[in-house]
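Peer 1: Sharing my_file04.txt below, compact mmCIF, C-alpha atoms:
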```
# COMPACT_ATOMS: atom_id res chain seq x y z
CA MET D 17 118.63 114.86 196.17
CA LEU D 18 115.82 112.59 197.29
CA PHE D 19 112.87 113.91 195.26
CA ARG D 20 114.64 115.27 192.20
CA ARG D 21 113.23 114.74 188.72
CA ARG D 22 114.96 112.27 186.41
CA LYS D 23 114.78 114.74 183.55
CA PRO D 24 115.16 118.37 184.58
CA ALA D 25 112.15 120.50 183.67
CA ARG D 26 112.53 122.67 180.62
CA VAL D 27 112.26 126.42 180.86
CA LEU D 28 108.78 126.56 179.31
CA GLU D 29 107.53 123.85 181.69
CA THR D 30 108.93 125.75 184.67
CA VAL D 31 107.24 128.97 183.55
CA ARG D 32 103.94 127.15 182.93
CA VAL D 33 103.97 125.55 186.39
CA PHE D 34 104.82 128.93 187.94
CA LEU D 35 101.85 130.58 186.23
CA TRP D 36 99.43 127.64 186.43
CA PRO D 37 100.17 124.96 189.07
CA ARG D 38 99.85 121.30 188.12
CA ARG D 39 97.41 120.51 190.89
CA SER D 40 95.25 123.64 190.56
CA PHE D 41 95.04 126.82 192.53
CA SER D 42 92.61 125.36 195.06
CA ARG D 43 95.35 123.07 196.36
CA SER D 44 97.66 126.07 196.75
CA PHE D 45 94.95 127.99 198.63
CA GLN D 46 94.32 124.97 200.86
CA TYR D 47 98.04 124.79 201.61
CA PHE D 48 98.16 128.46 202.63
CA GLY D 49 95.01 128.05 204.73
CA LYS D 50 96.37 125.04 206.61
CA ARG D 51 99.73 126.74 207.01
CA ILE D 52 98.06 129.72 208.65
CA LEU D 53 95.83 127.60 210.89
CA ARG D 54 98.77 125.58 212.18
CA LEU D 55 100.86 128.54 213.30
CA THR D 56 101.51 128.52 217.03
CA ALA D 57 100.31 131.90 218.24
CA THR D 58 97.16 133.45 219.60
CA PRO D 59 94.22 133.89 217.23
CA HIS D 60 94.66 137.67 217.43
CA ALA D 61 98.35 137.49 216.50
CA ILE D 62 97.69 135.25 213.50
CA ALA D 63 94.67 137.25 212.34
CA ALA D 64 96.50 140.57 212.75
CA GLY D 65 99.43 139.21 210.76
CA VAL D 66 97.23 137.98 207.92
CA ALA D 67 95.32 141.28 207.90
CA ALA D 68 98.61 143.19 207.75
CA GLY D 69 99.70 141.10 204.77
CA VAL D 70 96.42 141.65 202.94
CA PHE D 71 96.55 145.37 203.72
CA ALA D 72 100.10 145.62 202.38
CA SER D 73 99.12 143.76 199.20
CA TRP D 74 96.83 146.63 198.25
CA LEU D 75 99.58 149.25 198.47
CA PRO D 76 101.23 150.26 195.16
CA PHE D 77 104.76 149.77 196.52
CA VAL D 78 105.61 146.56 194.68
CA GLY D 79 108.63 144.81 196.12
CA PHE D 80 108.11 146.20 199.61
CA HIS D 81 104.97 144.26 200.57
CA PHE D 82 106.81 141.83 202.88
CA ILE D 83 108.61 144.66 204.68
CA ILE D 84 105.45 146.76 205.05
CA ALA D 85 103.43 143.74 206.19
CA ALA D 86 106.07 142.75 208.76
CA ALA D 87 106.19 146.32 210.13
CA LEU D 88 102.39 146.49 210.36
CA ALA D 89 102.25 143.08 212.04
CA TYR D 90 104.87 144.17 214.56
CA ILE D 91 102.91 147.36 215.35
CA CYS D 92 99.62 145.42 215.72
CA ALA D 93 101.21 142.65 217.83
CA GLY D 94 100.66 140.26 214.95
CA ASN D 95 102.58 137.24 213.76
CA VAL D 96 105.25 138.18 211.18
CA ILE D 97 105.07 134.77 209.47
CA ALA D 98 101.30 135.15 209.12
CA SER D 99 101.86 138.58 207.60
CA ALA D 100 104.19 137.05 205.01
CA LEU D 101 101.56 134.43 204.21
CA GLY D 102 98.91 137.17 204.02
CA THR D 103 100.82 138.94 201.27
CA ALA D 104 99.95 135.99 199.02
CA PHE D 105 96.65 137.84 198.56
CA GLY D 106 98.55 140.04 196.12
CA ASN D 107 99.75 137.76 193.33
CA PRO D 108 100.02 137.92 189.54
CA LEU D 109 96.36 136.96 189.21
CA THR D 110 94.98 139.58 191.60
CA PHE D 111 97.36 142.50 190.97
CA PRO D 112 95.66 143.66 187.75
CA PHE D 113 92.33 143.90 189.60
CA ILE D 114 93.90 145.50 192.66
CA TRP D 115 95.77 148.12 190.65
CA THR D 116 92.82 148.92 188.38
CA ALA D 117 90.38 149.29 191.27
CA SER D 118 92.85 151.37 193.30
CA TYR D 119 93.73 153.65 190.41
CA LYS D 120 90.13 154.24 189.28
CA LEU D 121 88.88 154.92 192.82
CA GLY D 122 91.84 157.23 193.45
CA MET D 123 91.18 159.15 190.24
CA TYR D 124 87.50 159.35 191.13
CA MET D 125 88.43 160.79 194.54
CA LEU D 126 90.99 163.26 193.14
CA VAL D 127 89.39 164.48 189.91
CA ASP D 128 86.06 166.30 190.12
CA ASN D 129 84.59 165.09 186.82
CA PHE D 130 86.28 161.71 186.39
CA GLN D 131 84.43 159.79 183.67
CA GLY D 132 86.28 156.50 184.12
CA LYS D 133 88.63 157.19 181.24
CA VAL D 134 92.25 156.80 182.20
CA PRO D 135 94.69 159.28 180.65
CA SER D 136 97.51 157.64 178.72
CA ILE D 137 100.67 157.30 180.77
CA HIS D 138 103.97 156.18 179.28
CA LEU D 139 105.39 154.20 182.21
CA GLY D 140 108.55 153.27 180.33
CA ARG D 141 109.48 156.93 179.94
CA LEU D 142 108.61 157.65 183.57
CA PHE D 143 110.78 154.80 184.85
CA ARG D 144 113.59 155.60 182.41
CA ASP D 145 113.78 159.22 183.60
CA LEU D 146 113.27 158.11 187.23
CA ASP D 147 111.69 161.40 188.12
CA LEU D 148 109.65 160.47 191.18
CA ASN D 149 107.60 163.64 190.94
CA GLN D 150 106.39 162.71 187.46
CA LEU D 151 105.57 159.19 188.64
CA TRP D 152 103.91 160.39 191.87
CA GLN D 153 101.27 162.70 190.41
CA PRO D 154 99.80 160.60 187.59
CA VAL D 155 100.21 157.09 189.04
CA LEU D 156 101.23 156.65 192.68
CA LYS D 157 99.11 159.38 194.29
CA PRO D 158 95.76 158.13 192.87
CA MET D 159 96.69 154.51 193.56
CA LEU D 160 97.76 155.22 197.14
CA LEU D 161 94.63 157.22 197.86
CA GLY D 162 92.34 154.74 196.10
CA CYS D 163 93.80 151.66 197.73
CA MET D 164 93.12 152.76 201.30
CA PRO D 165 89.37 151.96 201.47
CA PHE D 166 89.98 148.59 199.83
CA ALA D 167 93.00 147.81 202.03
CA ILE D 168 91.13 148.67 205.22
CA GLY D 169 87.99 146.78 204.17
CA PHE D 170 89.77 143.64 203.03
CA GLY D 171 92.15 143.79 206.00
CA LEU D 172 89.20 143.85 208.44
CA LEU D 173 87.40 141.10 206.53
CA PHE D 174 90.45 138.84 206.59
CA TYR D 175 91.07 139.65 210.26
CA ILE D 176 87.56 138.55 211.23
CA VAL D 177 87.56 135.40 209.08
CA THR D 178 91.06 134.39 210.17
CA TYR D 179 90.39 135.08 213.85
CA MET D 180 87.23 132.95 213.85
CA SER D 181 88.89 130.14 211.86
CA VAL D 182 92.01 130.00 214.02
CA ALA D 183 90.03 130.19 217.28
CA THR D 184 87.78 127.33 216.15
CA PHE D 185 90.72 125.25 214.89
CA GLN D 186 92.72 125.73 218.09
CA ALA D 187 89.71 124.89 220.30
CA GLN D 188 89.08 121.67 218.34
CA ARG D 189 92.77 120.81 218.50
CA ARG D 190 92.83 121.29 222.30
CA LYS D 191 89.73 119.12 222.63
CA ARG D 192 91.33 116.33 220.55
CA LEU D 193 94.55 116.49 222.58
CA LEU D 194 92.66 116.34 225.89
CA LYS D 195 90.63 113.38 224.64
CA LYS D 196 93.79 111.63 223.49
CA ARG D 197 95.53 112.25 226.82
CA ALA D 198 92.49 110.99 228.73
CA GLY D 199 92.48 107.83 226.61
CA GLU D 200 96.20 107.29 227.24
CA ALA D 201 95.69 107.81 230.98
CA ASN D 202 92.89 105.22 230.98
CA VAL D 203 95.09 102.73 229.17
CA ARG D 204 97.96 103.30 231.62
CA GLY D 205 95.62 103.09 234.58
CA GLY D 206 94.16 99.78 233.32
CA GLN D 207 97.61 98.23 232.88
CA THR D 208 98.87 99.12 236.36
CA VAL D 209 95.91 97.60 238.16
```
Just dump the structure as structure tokens.
Peer 2:
Amino acid sequence: MLFRRRKPARVLETVRVFLWPRRSFSRSFQYFGKRILRLTATPHAIAAGVAAGVFASWLPFVGFHFIIAAALAYICAGNVIASALGTAFGNPLTFPFIWTASYKLGMYMLVDNFQGKVPSIHLGRLFRDLDLNQLWQPVLKPMLLGCMPFAIGFGLLFYIVTYMSVATFQAQRRKRLLKKRAGEANVRGGQTV
């Protein structure tokens, strides 16, 4: 392989790089941003795809975010690749905040006198028994209800920001290409005379 390491990375090094990249998170965010901007689709399609991915990241159905985001992007005439990139909003750093906010807001909406104290739930026992009804009432129902305002709000915010960014980027790109073509035409025209 062309760019393989001389010494293979050890397991601890691989885990560390997975959790904390060598070149910082800002470089990763820049990569995702440029990847989204360079997609070849309309600004609406890209923005709808990213918004679908962000919306799906708020849902408590871990493992199904890509599928949900792709289905939402398809329904909204969005770009499926952009929806996959939009699901990067939900990652190991943001999931604790997403789940806590969703659960607390859901409990606040469901329980009349919710004081902010979360009842103890033994998730290991719930998953071991695999009784969906026992998992639905104490965990999934509040999270699903509580995530909706956040999912809609963040989805709209990311739609607007992405639409404006992509529209500006594509307009500047068209302007640069036209300028480059005009310069090439002038050079060709000067040589033929």
Peer 1: What's the separation between atom CA of D:Leu75 and atom CA of D:Val127, in Å to one decimal place?
Peer 2: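 Separation of atom CA of D:Leu75 and atom CA of D:Val127: 20.2 Å.
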Peer 1: Could you check which of D:Ile84, D:Ala25, D:Ala68, D:Leu126 is closest to D:Phe174, using all atoms listed in the file?
Peer 2: D:Ala68
Peer 1: Stretch 186-197 of chain D: which residues within 9 Å, counting all atoms listed in the file, same-chain residues fewer than 3 positions away excluded, as a list of chain:residue names?
Peer 2: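 Listed by chain and then number, they are D:Leu53, D:Arg54, D:Pro59, D:Ser181, D:Val182, D:Ala183, D:Glu200, D:Ala201, D:Asn202.
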Peer 1: Is it possible to get the residues within 12 Å of (94.2, 157.7, 198.3) (coordinates as in the file, counting only C-alpha atoms) written as a ChimeraX atom specification?
Peer 2: /D:74-76,117-127,152-153,155-168
Peer 1: Step by step: start from the point (97.9, 138.3, 218.9) in the file's coordinates, keep every protein, DNA or RNA residue that has an atom no farther than 10 Å from it, count all atoms listed in the file, and write the set as a list in words.
Peer 2: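 The residues near that point, listed by chain and number, are Ala57, Thr58, Pro59, His60, Ala61, Ile62, Ala63, Ala64, Gly65, Ala89, Cys92, Ala93, Gly94, Asn95 and Tyr179 of chain D.
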Peer 1: Can you spit out the residues from that selection as an mmCIF file, in the frame of the given file, using C-alpha atoms?
Peer 2:
```cif
data_model
loop_
_atom_site.group_PDB
_atom_site.id
_atom_site.type_symbol
_atom_site.label_atom_id
_atom_site.label_comp_id
_atom_site.auth_asym_id
_atom_site.auth_seq_id
_atom_site.Cartn_x
_atom_site.Cartn_y
_atom_site.Cartn_z
ATOM 1 C CA ALA D 57 100.310 131.900 218.240
ATOM 2 C CA THR D 58 97.160 133.450 219.600
ATOM 3 C CA PRO D 59 94.220 133.890 217.230
ATOM 4 C CA HIS D 60 94.660 137.670 217.430
ATOM 5 C CA ALA D 61 98.350 137.490 216.500
ATOM 6 C CA ILE D 62 97.690 135.250 213.500
ATOM 7 C CA ALA D 63 94.670 137.250 212.340
ATOM 8 C CA ALA D 64 96.500 140.570 212.750
ATOM 9 C CA GLY D 65 99.430 139.210 210.760
ATOM 10 C CA ALA D 89 102.250 143.080 212.040
ATOM 11 C CA CYS D 92 99.620 145.420 215.720
ATOM 12 C CA ALA D 93 101.210 142.650 217.830
ATOM 13 C CA GLY D 94 100.660 140.260 214.950
ATOM 14 C CA ASN D 95 102.580 137.240 213.760
ATOM 15 C CA TYR D 179 90.390 135.080 213.850
#
```
Peer 1: Given the choices D:Ala67, D:Leu101, D:Ile83, D:Ile114, which gets closest to D:Val177 if the distance is worked out from only C-alpha atoms?
Peer 2: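 Of D:Ala67, D:Leu101, D:Ile83, D:Ile114, the one nearest D:Val177, counting only C-alpha atoms, is D:Ala67.
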Peer 1: Take atom CA of D:His81 and atom CA of D:Gly69 and report the distance between them in Å, one decimal.
Peer 2: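 It comes out at 7.4 Å.
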Peer 1: Could you check how far atom CA of D:Gly79 sits from atom CA of D:Arg144, in Å to one decimal?
Peer 2: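 That distance, rounded to one decimal, is 18.1 Å.
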Peer 1: Counting all atoms listed in the file, which of D:Tyr47, D:Phe71, D:Phe77, D:Phe111 gets nearest to D:Tyr175?
Peer 2: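 When distances to D:Tyr175 are compared using all atoms listed in the file, the smallest one comes from D:Phe71.
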Peer 1: Extract, using all atoms listed in the file, all DNA, RNA and protein residues at most 7 Å from D:Phe82, discarding same-chain residues fewer than 2 positions from it, and format them as a PyMOL selection string.
Peer 2: chain D and resi 80+84-86+100+103
Peer 1: Since the input has fewer atoms than a full residue there, write stretch 71-83 of chain D out with N, CA and C atoms, as an mmCIF file, keeping the file's coordinate frame.
Peer 2:
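Writing the result to out.cif gives the following:
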```cif
data_model
loop_
_atom_site.group_PDB
_atom_site.id
_atom_site.type_symbol
_atom_site.label_atom_id
_atom_site.label_comp_id
_atom_site.auth_asym_id
_atom_site.auth_seq_id
_atom_site.Cartn_x
_atom_site.Cartn_y
_atom_site.Cartn_z
ATOM 1 N N PHE D 71 96.505 143.911 203.820
ATOM 2 C CA PHE D 71 96.550 145.370 203.720
ATOM 3 C C PHE D 71 97.740 145.814 202.873
ATOM 4 N N ALA D 72 98.898 145.241 203.124
ATOM 5 C CA ALA D 72 100.100 145.620 202.380
ATOM 6 C C ALA D 72 100.003 145.243 200.912
ATOM 7 N N SER D 73 99.266 144.187 200.591
ATOM 8 C CA SER D 73 99.120 143.760 199.200
ATOM 9 C C SER D 73 98.389 144.800 198.356
ATOM 10 N N TRP D 74 97.569 145.608 198.985
ATOM 11 C CA TRP D 74 96.830 146.630 198.250
ATOM 12 C C TRP D 74 97.679 147.856 197.947
ATOM 13 N N LEU D 75 98.757 148.062 198.670
ATOM 14 C CA LEU D 75 99.580 149.250 198.470
ATOM 15 C C LEU D 75 100.342 149.162 197.147
ATOM 16 N N PRO D 76 100.570 150.296 196.478
ATOM 17 C CA PRO D 76 101.230 150.260 195.160
ATOM 18 C C PRO D 76 102.745 150.133 195.224
ATOM 19 N N PHE D 77 103.307 149.857 196.368
ATOM 20 C CA PHE D 77 104.760 149.770 196.520
ATOM 21 C C PHE D 77 105.222 148.335 196.296
ATOM 22 N N VAL D 78 105.248 147.937 195.040
ATOM 23 C CA VAL D 78 105.610 146.560 194.680
ATOM 24 C C VAL D 78 107.058 146.309 195.068
ATOM 25 N N GLY D 79 107.291 145.163 195.669
ATOM 26 C CA GLY D 79 108.630 144.810 196.120
ATOM 27 C C GLY D 79 108.851 145.079 197.594
ATOM 28 N N PHE D 80 107.975 145.864 198.189
ATOM 29 C CA PHE D 80 108.110 146.200 199.610
ATOM 30 C C PHE D 80 106.959 145.625 200.447
ATOM 31 N N HIS D 81 106.135 144.772 199.850
ATOM 32 C CA HIS D 81 104.970 144.260 200.570
ATOM 33 C C HIS D 81 105.357 143.459 201.806
ATOM 34 N N PHE D 82 106.389 142.618 201.718
ATOM 35 C CA PHE D 82 106.810 141.830 202.880
ATOM 36 C C PHE D 82 107.292 142.736 204.012
ATOM 37 N N ILE D 83 108.064 143.746 203.660
ATOM 38 C CA ILE D 83 108.610 144.660 204.680
ATOM 39 C C ILE D 83 107.490 145.452 205.337
#
```
